[in-house]
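Structure first, commentary second.
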Amino acid sequence: MFFSKKEAETPDEWRDKYVALSEERKQVDKAHLEQEQLLCRAVIRLSLAATGFDRELDPHLRRIREQLKAGIDSEKLKAELEIFTQAVTQLQTVPAKKQPLDVELLFAFLLQQYSSPKQQRLLQQIKEQAENDRFATIAQLFSALLPALEAEHNPHLLPDDAELSHHIDTDIVSKQLLHLFESIQIPSVFERQAQTVRQLLVEPSKSTSIFEPVLNRSVDLLLKITQYNQVEQQDVDKFLSDLTDKLAELTSVMAGVSFVATETAECRKQHDQSVTAQVEQLQLSSAGATSLDSLKDAITDRLSKITKEIHFNSETEQAQRQKSEQQLEELNERIANMESESSELKSKLILANIQALRDSLTGLPNRTAYDERMETEIARWKRYKSPLSLIIWDIDHFKRINDTFGHKAGDKVLLLIARQLSAHSRETDFISRFGGEEFTMLLPNTSIDSALILANQLRTTIEKTGFNSNGKAVEVTISCGIAEFSAGDTDETVFERADKALYQAKQQGRNQCCIG
């Protein structure tokens, strides 16, 4: 027979098959649950990372994180995701608004770090103010935070890494702090501390226990910089207030001088009128005199009155003249003092402006000066259509030099690089210390091929220029990325290409130049 009926399975075989299928189902359910939990964690992390990019979306992100606690199959989660999708669609059709300060991660950390009721209350108040755009800048926010953090010096211990990691992503916080340090003007007295903090922040991903002192050090430095800038601003405000008071005094003195002059002129006018009247009376008396004696008496009487009046008016005018001269002398003295103080302030402002545009260690222009020069060179490039190239330099293994030989050796390397770049560049080239171990060069009237030749010459020169630290040789090499402006470029697009070329040079072994 071609077909045969299959023998019926025994109860034991059915039981084995059921057990196998049940075990397989359990494994599938377990894998599904693990995938669901992984997806939930990923969405929560993404929502935390997205927090602060748009204030209108933040409440939706917070509710989505809360709904994820009930699992992916939650009906409320599905509804919230629909609302979030609609909110995103609406935002795409509305012009972009000015982004508020991103404070959620900062306050998430501070509210756990400082647990006393008083500090909690102050931090919540400041958080609400920040969310309502009460702080125009991050400096104002830190100024408001300082009294709250110093209200009590007894912060409780941080939770363990497992608990805190659900709230804070150290990589994101590090990037935000680095961006903040790059965006503010750091006074020269804090440059070395800022450089150390930057190096700590760029280190690979770290645990919360390791990151905590780095974060505390960063916040402390930012608060010190803010206080320093506030003191400088207060000095300027005080000088301007004093200047306003002195100008008010000058106005008062000038008004007094003007009044005295007016009063003197009025007195002189009255005197002239009085003398004229006396002369007219004398003429009438002369005409009416009937004898020589009466005429003599009339003339004598009138001349006596005129003499007294002239003498009185002369004394009055002399007193007014002395008063006016005294006021003018005071005015001249105050003007001279103001000129001296203004000259002193002008010198201080010139020095402050130079310091604001110069790196305190190397003496090279800093990033602020770079930004100003970049605007000038771009305008010239657009007008004359002449080539313009940008080089970004980065010292190789700079952190290793600092760690091995100390920060003094690191400073010496920075000075060496600055001097070599300055000594072997043209007068029209603009060199700046961009930050940390990075330098930039703007090369007007220079194509990318010419820039590459110049860069390799400088790189070779620096490679041959080492020095000794405590009897040990310190080898110094440098890498760079080069980009040339072309039609449609902005300073950002060119910088991005040069930065990518620099990254390529680092990846290919360092001590080389690449074109972007």
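Chain labels follow the order of the structure tokens: the first chain is A, the next B, and so on; residue numbering restarts at 1 in every chain, and ligands are counted from 1 in their shown order.
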- Residues within 6 Å of range 435-450 of chain A, only C-alpha atoms, excluding chain neighbours under 2 positions, as a PyMOL selection string: chain A and resi 195+386-395+429-433+452-453+484
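Within the 12 Å cut-off around Glu182 in chain A, using only C-alpha atoms and omitting residues fewer than 3 positions from it on the same chain, the listed residues are Lys175, Gln176, Leu177, Leu178, His179, Gln185, Ile186, Glu191, Ala194, Gln195, Val197, Arg198, Leu222, Asn366, Arg367, Thr368, Phe434, Gly435 and Gly436 of chain A.
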Can you write just those residues out, C-alpha atoms, as a compact mmCIF listing (two decimals), in the first residue's frame?
# COMPACT_ATOMS: atom_id res chain seq x y z
CA LYS A 175 29.28 67.51 26.48
CA GLN A 176 27.00 70.25 27.82
CA LEU A 177 29.65 71.45 30.26
CA LEU A 178 32.31 71.44 27.53
CA HIS A 179 30.01 73.46 25.30
CA GLN A 185 34.82 84.15 28.11
CA ILE A 186 37.17 82.70 30.73
CA GLU A 191 42.57 79.63 32.32
CA ALA A 194 39.54 75.59 32.96
CA GLN A 195 42.08 73.67 30.90
CA VAL A 197 38.52 70.68 33.82
CA ARG A 198 38.21 70.39 30.03
CA LEU A 222 31.77 78.22 36.75
CA ASN A 366 42.03 83.93 21.57
CA ARG A 367 38.77 82.48 20.27
CA THR A 368 36.92 85.79 20.58
CA PHE A 434 41.34 78.32 19.88
CA GLY A 435 41.19 76.53 23.23
CA GLY A 436 43.10 73.87 25.14
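Between CA of Gln318 in chain A and CA of Lys305 in chain A there is a distance of 19.8 Å.
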- Message: List as a PyMOL selection string the protein and nucleic acid residues near range 475-482 of chain A, meaning an atom at most 6 Å away when only C-alpha atoms are counted, but skip any in the same chain fewer than 4 places from it.
- Response: chain A and resi 390-396+463+466+498-499+501-502+510-516
- Task: Please provide as a ChimeraX atom specification all residues within 8 Å of range 417-419 of chain A, with the sequence filter that same-chain residues fewer than 5 positions apart are discarded (counting only C-alpha atoms).
- Result: /A:362,364,433,462
- Message: What parts of range 186-221 of chain A does DSSP call alpha helix (DSSP H)? I'd like the answer as a PyMOL selection string.
- Response: chain A and resi 191-201+208-221
- Item | Best match for closeness to Lys408 in chain A among A:Lys269, A:Arg334, A:Tyr503, A:Asn468, counting only C-alpha atoms |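 The answer is A:Asn468, which sits nearest to Lys408 in chain A.
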- Straight-line distance linking CA of Ile184 in chain A with CA of Asn229 in chain A, stated in Å to one decimal: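 CA of Asn229 in chain A lies at a distance of 11.0 Å from CA of Ile184 in chain A.
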- In terms of only C-alpha atoms, the residue from A:Gln507, A:Thr137, A:Ser174, A:Thr226 at minimal distance from Glu203 in chain A is A:Ser174
